[in-house]
>>> print(open('query-v3.cif').read())   # mmCIF, C-alpha atoms
data_data
#
loop_
_atom_site.label_atom_id
_atom_site.label_comp_id
_atom_site.auth_asym_id
_atom_site.auth_seq_id
_atom_site.Cartn_x
_atom_site.Cartn_y
_atom_site.Cartn_z
CA MET L 10 28.59 28.60 7.54
CA GLY L 11 27.36 25.04 7.09
CA ASP L 12 23.84 25.91 8.22
CA SER L 13 21.60 26.29 5.18
CA ASN L 14 19.70 29.01 7.03
CA ASN L 15 22.83 31.14 7.24
CA PRO L 16 21.96 34.35 5.32
CA LEU L 17 25.24 34.16 3.41
CA ASP L 18 24.68 30.56 2.39
CA HIS L 19 20.94 30.70 1.71
CA PRO L 20 19.88 34.25 0.79
CA ARG L 21 16.29 34.91 1.82
CA GLY L 22 14.01 36.09 -0.94
CA THR L 23 15.80 34.02 -3.60
CA ASP L 24 12.72 31.92 -4.35
CA SER L 25 10.00 34.29 -3.23
CA PRO L 26 9.63 37.93 -2.15
CA VAL L 27 9.26 36.83 1.49
CA GLY L 28 11.93 34.38 2.64
CA GLY L 29 11.80 31.76 5.38
CA THR L 30 8.07 31.07 4.95
CA LEU L 31 6.04 28.34 3.30
CA LEU L 32 5.82 30.56 0.23
CA GLU L 33 9.51 29.98 -0.38
CA GLY L 34 9.10 26.21 -0.33
CA ILE L 35 6.04 25.91 -2.55
CA GLY L 36 8.16 26.19 -5.69
CA GLY L 37 9.65 22.80 -4.85
CA ALA L 38 6.31 21.02 -4.37
CA GLU L 39 4.90 18.44 -6.76
CA ALA L 40 1.13 18.35 -7.35
CA THR L 41 -0.50 14.92 -7.11
CA ALA L 42 -4.19 15.84 -7.48
CA GLN L 43 -6.45 18.83 -8.04
CA GLN L 44 -10.09 19.80 -7.78
CA GLY L 45 -12.15 22.83 -8.65
CA GLY L 46 -12.68 25.54 -6.04
CA PRO L 47 -14.93 28.57 -5.57
CA ALA L 48 -14.99 31.39 -8.15
CA GLY L 49 -12.99 29.41 -10.68
CA GLY L 50 -10.11 28.67 -8.33
CA ARG L 51 -8.43 25.31 -7.74
CA THR L 52 -7.19 23.32 -4.78
CA TYR L 53 -4.17 21.04 -5.13
CA ARG L 54 -2.88 18.17 -3.06
CA ALA L 55 0.89 18.12 -3.38
CA GLU L 56 4.06 16.68 -1.91
CA LEU L 57 6.68 19.00 -0.44
CA PRO L 58 10.16 17.41 -0.55
CA PHE L 59 11.61 16.90 2.91
CA SER L 60 14.82 18.74 1.98
CA VAL L 61 12.86 21.82 0.90
CA ALA L 62 10.72 21.93 4.04
CA TRP L 63 13.73 21.32 6.29
CA ASN L 64 15.46 24.46 5.02
CA LEU L 65 12.54 26.57 6.23
CA PHE L 66 13.26 25.76 9.89
CA PRO L 67 15.73 27.77 11.99
CA ALA L 68 18.64 25.72 13.36
CA ASP L 69 17.39 25.76 16.97
CA LEU L 70 14.01 24.29 16.01
CA ARG L 71 15.60 21.58 13.86
CA LYS L 72 17.26 20.16 16.97
CA GLU L 73 13.84 19.50 18.47
CA LEU L 74 12.44 17.59 15.48
CA HIS L 75 12.63 13.98 14.44
CA VAL L 76 15.35 13.27 11.89
CA GLU L 77 17.18 9.97 11.56
CA THR L 78 20.40 10.79 9.78
CA GLY L 79 21.68 8.22 7.33
CA THR L 80 18.31 6.58 6.66
CA VAL L 81 16.00 6.85 3.68
CA ALA L 82 12.64 7.07 5.48
CA PRO L 83 12.95 10.69 6.76
CA GLN L 84 13.28 11.89 3.18
CA ARG L 85 9.61 11.09 2.51
CA ALA L 86 7.74 14.12 1.23
CA LEU L 87 5.30 16.07 3.39
CA ALA L 88 1.62 16.49 2.52
CA LEU L 89 0.81 19.99 1.24
CA THR L 90 -2.56 21.51 0.38
CA LEU L 91 -2.48 24.55 -1.89
CA SER L 92 -5.26 26.83 -3.14
CA VAL L 93 -5.07 29.25 -6.06
CA ASP L 94 -7.53 31.75 -7.50
CA GLU L 95 -8.96 31.79 -11.03
CA ARG L 96 -5.72 33.34 -12.32
CA GLY L 97 -3.53 30.72 -10.70
CA ARG L 98 -2.30 33.02 -7.92
CA ILE L 99 -1.63 31.37 -4.56
CA THR L 100 -4.16 32.23 -1.86
CA HIS L 101 -3.54 29.60 0.80
CA GLY L 102 -1.13 26.81 1.65
CA ARG L 103 -0.89 24.33 4.50
CA VAL L 104 1.60 21.55 5.24
CA ASP L 105 1.32 18.98 8.01
CA LEU L 106 4.63 18.51 9.88
CA SER L 107 3.28 16.46 12.77
CA ARG L 108 5.31 13.34 11.96
CA LEU L 109 8.48 15.30 12.72
CA LEU L 110 7.55 15.74 16.39
CA ARG L 111 9.67 13.88 18.96
CA LYS L 112 8.50 12.66 22.35
CA ASP L 113 11.93 13.30 23.90
CA SER L 114 12.32 16.92 22.79
CA GLY L 115 11.28 20.30 24.10
CA LEU L 116 8.13 19.86 22.01
CA ALA L 117 7.09 16.65 23.78
CA ASP L 118 3.68 18.11 24.76
CA VAL L 119 2.91 19.32 21.24
CA THR L 120 0.44 17.00 19.50
CA SER L 121 0.42 18.53 16.03
CA LEU L 122 2.58 20.86 14.00
CA THR L 123 1.51 22.67 10.83
CA MET L 124 2.82 25.51 8.70
CA GLU L 125 0.12 27.68 7.16
CA LEU L 126 0.21 30.57 4.71
CA THR L 127 -2.62 32.92 3.68
CA LEU L 128 -2.31 35.64 1.03
CA THR L 129 -5.08 38.23 1.01
CA GLY L 130 -3.82 40.38 -1.87
CA HIS L 131 -1.50 40.42 -4.84
CA GLY L 132 0.51 43.17 -6.47
CA ALA L 133 0.53 44.01 -10.15
CA SER L 134 2.91 41.90 -12.24
CA LYS L 135 4.96 43.19 -15.11
CA PRO L 136 3.65 42.17 -18.53
CA ALA L 137 5.10 38.80 -19.53
CA PRO L 138 7.51 39.00 -22.47
CA ALA L 139 6.54 37.31 -25.70
CA PRO L 140 7.80 33.68 -25.66
CA ALA L 141 10.65 32.78 -27.99
CA GLY L 142 10.56 29.47 -29.82
CA SER L 143 8.00 26.74 -29.23
CA VAL L 144 5.63 26.90 -26.25
CA ARG L 145 4.80 23.72 -24.35
CA LYS L 146 2.38 22.98 -21.53
CA ALA L 147 4.29 22.64 -18.26
CA ALA L 148 1.85 19.96 -17.05
CA GLU L 149 2.94 17.77 -19.97
CA ALA L 150 6.63 18.67 -20.28
CA VAL L 151 7.69 18.78 -16.60
CA LEU L 152 7.84 15.39 -14.88
CA PRO L 153 9.74 13.44 -12.22
CA MET L 154 12.99 11.87 -13.41
CA ARG L 155 11.60 8.45 -12.47
CA ASP L 156 8.80 8.87 -15.04
CA VAL L 157 11.04 9.57 -18.04
CA LYS L 158 10.74 6.74 -20.56
CA ASP L 159 13.76 4.71 -21.65
CA GLY L 160 15.72 6.66 -24.24
CA GLY L 161 14.11 9.96 -23.24
CA CYS L 162 16.12 13.18 -23.02
CA VAL L 163 15.75 15.81 -20.33
CA ASP L 164 16.70 19.32 -19.30
CA PHE L 165 17.58 19.74 -15.62
CA ASP L 166 16.48 23.39 -15.44
CA THR L 167 12.77 23.55 -14.53
CA GLY L 168 12.83 26.74 -12.46
CA GLN L 169 11.78 24.70 -9.42
CA ARG L 170 13.74 23.76 -6.31
CA ALA L 171 12.87 20.05 -6.68
CA ALA L 172 16.01 18.47 -8.11
CA HIS L 173 14.22 15.24 -9.07
CA VAL L 174 11.91 17.09 -11.48
CA VAL L 175 13.06 17.62 -15.08
CA VAL L 176 11.78 18.85 -18.44
CA GLY L 177 11.34 16.25 -21.16
CA VAL L 178 12.93 17.54 -24.38
CA PRO L 179 13.57 16.11 -27.87
CA CYS L 180 16.86 14.24 -28.14
CA SER L 181 17.45 15.96 -31.48
CA GLY L 182 17.99 19.28 -29.69
CA PRO L 183 20.10 20.48 -26.75
CA HIS L 184 19.64 18.39 -23.60
CA ASP L 185 21.36 17.71 -20.29
CA ALA L 186 20.89 13.96 -19.99
CA ARG L 187 19.40 10.87 -21.60
CA VAL L 188 17.80 8.04 -19.66
CA PHE L 189 18.64 4.53 -20.80
CA THR L 190 16.60 2.52 -18.29
CA GLN L 191 14.39 2.60 -15.19
CA ILE L 192 14.81 -0.25 -12.68
CA PRO L 193 12.50 -1.10 -9.74
CA LEU L 194 14.70 -1.14 -6.63
CA ARG L 195 13.92 -1.23 -2.93
CA SER L 196 15.83 1.02 -0.58
CA GLY L 197 18.77 -0.15 1.49
CA ALA L 198 19.16 0.15 5.25
CA THR L 199 20.86 3.54 4.89
CA ALA L 200 21.08 6.27 2.26
CA THR L 201 24.62 5.12 1.44
CA ALA L 202 23.52 1.51 1.01
CA THR L 203 20.66 2.62 -1.25
CA GLN L 204 23.05 4.60 -3.46
CA GLU L 205 25.43 1.64 -3.68
CA ARG L 206 22.57 -0.63 -4.75
CA ALA L 207 21.48 1.93 -7.34
CA ASP L 208 25.02 2.25 -8.76
CA THR L 209 25.34 -1.54 -8.99
CA ALA L 210 21.96 -1.93 -10.70
CA CYS L 211 22.81 0.67 -13.36
CA SER L 212 26.27 -0.78 -13.93
CA PHE L 213 24.76 -4.26 -14.41
CA ALA L 214 22.10 -2.90 -16.78
CA HIS L 215 24.82 -1.21 -18.84
CA ASP L 216 26.77 -4.47 -19.11
CA VAL L 217 23.89 -6.81 -20.00
CA ALA L 218 21.21 -4.65 -21.64
CA ARG L 219 23.01 -1.65 -23.09
CA PRO L 220 21.04 0.18 -25.83
CA SER L 221 22.92 0.74 -29.09
CA TRP L 222 23.20 4.50 -28.47
CA VAL L 223 25.00 4.00 -25.14
CA PRO L 224 28.81 3.80 -25.49
CA LYS L 225 30.55 0.65 -24.28
CA THR L 226 32.63 2.83 -21.99
CA ALA L 227 30.52 5.52 -20.39
CA GLU L 228 30.01 7.21 -17.05
CA ILE L 229 26.61 6.02 -15.89
CA TRP L 230 24.71 8.07 -13.34
CA SER L 231 22.07 6.59 -11.04
CA TRP L 232 19.25 8.42 -9.29
CA TRP L 233 17.16 6.48 -6.77
CA THR L 234 13.75 7.82 -5.80
CA PRO L 235 11.18 6.39 -3.38
CA GLY L 236 7.77 5.37 -4.58
CA ASP L 237 4.62 5.84 -2.55
CA THR L 238 5.16 8.11 0.44
CA SER L 239 3.51 5.53 2.71
CA ALA L 240 6.13 3.94 4.95
CA ALA L 241 4.60 0.51 4.32
CA ASP L 242 4.98 0.75 0.55
CA ASP L 243 8.57 0.87 -0.67
CA ASN L 244 8.37 0.63 -4.46
CA GLY L 245 11.44 2.70 -5.21
CA ARG L 246 13.08 3.04 -8.59
CA VAL L 247 16.53 3.85 -9.89
CA THR L 248 16.93 5.95 -13.03
CA CYS L 249 20.07 5.17 -15.03
CA TYR L 250 21.22 7.97 -17.33
CA LEU L 251 24.11 9.62 -19.14
CA THR L 252 24.82 13.33 -19.05
CA THR L 253 26.03 15.55 -21.89
CA LYS L 254 28.71 18.22 -21.58
CA ARG L 255 25.90 20.69 -21.10
CA GLY L 256 24.44 18.57 -18.29
CA ASP L 257 27.81 18.20 -16.57
CA SER L 258 28.06 21.97 -16.27
#
>>> encode(input="query-v3.cif", output="structure tokens")
Amino acid sequence: MGDSNNPLDHPRGTDSPVGGTLLEGIGGAEATAQQGGPAGGRTYRAELPFSVAWNLFPADLRKELHVETGTVAPQRALALTLSVDERGRITHGRVDLSRLLRKDSGLADVTSLTMELTLTGHGASKPAPAPAGSVRKAAEAVLPMRDVKDGGCVDFDTGQRAAHVVVGVPCSGPHDARVFTQIPLRSGATATATQERADTACSFAHDVARPSWVPKTAEIWSWWTPGDTSAADDNGRVTCYLTTKRGDS
């Protein structure tokens, strides 16, 4: 039951009509660049979180891939290329998984590994309901937690599988959390060491540079995220924030 591919633990079709394919993981990707394509379409370069891609593999294949448990490096995102038509409908996706290959596995003779998806048609969608309340552009409102400015408030529910992505919302209205500072912080030798460093950094920031709106006694949460996905560039950052009762739930 601990296997995330167990059909009782991870129901297929939850995130897309066809489960266990790249289509199911695309909702967790984060676009980094885009360019125009033919017939009004667009092509995106994006990053697919390691945790999202990992859940697409069956358990037997996972055992043949390169994963160093307890370290930060394997959590680096995977490069994804995604194409959409003029209406924003996905037509093609491709992710390079070659860096997960191991020389001492059953895939030792495999030199490259990719996952590719092509959609040649689309069904008819139900008419979208009229939006209630204010309408905001997702490209402006949805952002990584590490990019939220000091004092900014966020909603955790973006409709995506990427947990590090949030919606920036006004602090005057309902919100899940409020960021009080962002601190540059390199990773530790292990994931546990990195989390300990992040907790210490946020605790210190609360003691010496606490904003007036932050209570003297408060439960401070820390969220460390890596910077550039290049292994040679470790410009990580820890986000220090407080949750509301709504965010705790």
>>> atom_distance(input="query-v3.cif", atom1="CA of Gly34 in chain L", atom2="CA of Arg246 in chain L")
24.9 Å
>>> residues_around(input="query-v3.cif", residues="Thr52 in chain L", least_positions_apart="4", cutoff="12 Å", atoms="all atoms listed in the file", output="ChimeraX atom specification")
/L:40-48,89-95,97-103
>>> residues_around(input="query-v3.cif", residues="Ala210 in chain L", least_positions_apart="3", cutoff="12 Å", atoms="only C-alpha atoms", output="list in words")
Thr190, Gln191, Ile192, Pro193, Leu194, Arg195, Thr203, Gln204, Glu205, Arg206, Ala207, Phe213, Ala214, His215, Asp216, Val217, Ala218, Ile229, Trp230, Ser231, Trp232, Trp233, Arg246, Val247, Thr248, Cys249 and Tyr250 of chain L
>>> resolve_selection(input="query-v3.cif", expression="the PyMOL selection byres ((chain L and resi 176) around 6)", output="PyMOL selection string")
chain L and resi 150-151+163-164+175+177
>>> atom_distance(input="query-v3.cif", atom1="CA of Thr226 in chain L", atom2="CA of Gly160 in chain L")
17.5 Å
>>> closest_residue(input="query-v3.cif", among="L:Ala137, L:Leu106, L:Ala186, L:Ala55", to="Arg255 in chain L", atoms="all atoms listed in the file")
L:Ala186
>>> residues_near_point(input="query-v3.cif", point="(4.7, 39.0, -12.5)", cutoff="12 Å", atoms="all atoms listed in the file", output="compact mmCIF listing (two decimals) with C-alpha atoms, in the frame of the given file")
# COMPACT_ATOMS: atom_id res chain seq x y z
CA SER L 25 10.00 34.29 -3.23
CA PRO L 26 9.63 37.93 -2.15
CA ARG L 96 -5.72 33.34 -12.32
CA GLY L 97 -3.53 30.72 -10.70
CA ARG L 98 -2.30 33.02 -7.92
CA HIS L 131 -1.50 40.42 -4.84
CA GLY L 132 0.51 43.17 -6.47
CA ALA L 133 0.53 44.01 -10.15
CA SER L 134 2.91 41.90 -12.24
CA LYS L 135 4.96 43.19 -15.11
CA PRO L 136 3.65 42.17 -18.53
CA ALA L 137 5.10 38.80 -19.53
CA PRO L 138 7.51 39.00 -22.47
>>> residues_near_point(input="query-v3.cif", point="(5.7, 28.6, 3.6)", cutoff="10 Å", atoms="all atoms listed in the file", output="PyMOL selection string")
chain L and resi 25+27-36+62+65+101-104+124-127
>>> atom_distance(input="query-v3.cif", atom1="CA of Thr123 in chain L", atom2="CA of Ser107 in chain L")
6.7 Å
>>> residues_around(input="query-v3.cif", residues="Val174 in chain L", least_positions_apart="3", cutoff="7 Å", atoms="only C-alpha atoms", output="PyMOL selection string")
chain L and resi 151-154+171
>>> closest_residue(input="query-v3.cif", among="L:Thr252, L:Pro67, L:Leu128, L:Ala200", to="Phe165 in chain L", atoms="only C-alpha atoms")
L:Thr252
>>> closest_residue(input="query-v3.cif", among="L:Ala38, L:Val188, L:Ala202, L:Asp208", to="Tyr53 in chain L", atoms="all atoms listed in the file")
L:Ala38
>>> resolve_selection(input="query-v3.cif", expression="the PyMOL selection byres ((chain L and resi 59) around 9)", output="PyMOL selection string")
chain L and resi 56-58+60-64+83-87
>>> residues_around(input="query-v3.cif", residues="Arg108 in chain L", least_positions_apart="6", cutoff="10 Å", atoms="all atoms listed in the file", output="ChimeraX atom specification")
/L:74-75,83,87,120-122
>>> axis_aligned_box(input="query-v3.cif", around="range 57-73 of chain L", padding_each_side="8 Å", output="lines of an AutoDock Vina configuration file")
center_x = 12.7
center_y = 22.3
center_z = 9.0
size_x = 28.0
size_y = 26.9
size_z = 35.0
>>> closest_residue(input="query-v3.cif", among="L:Gly37, L:Arg155, L:Thr253, L:Ser212", to="Pro183 in chain L", atoms="only C-alpha atoms")
L:Thr253
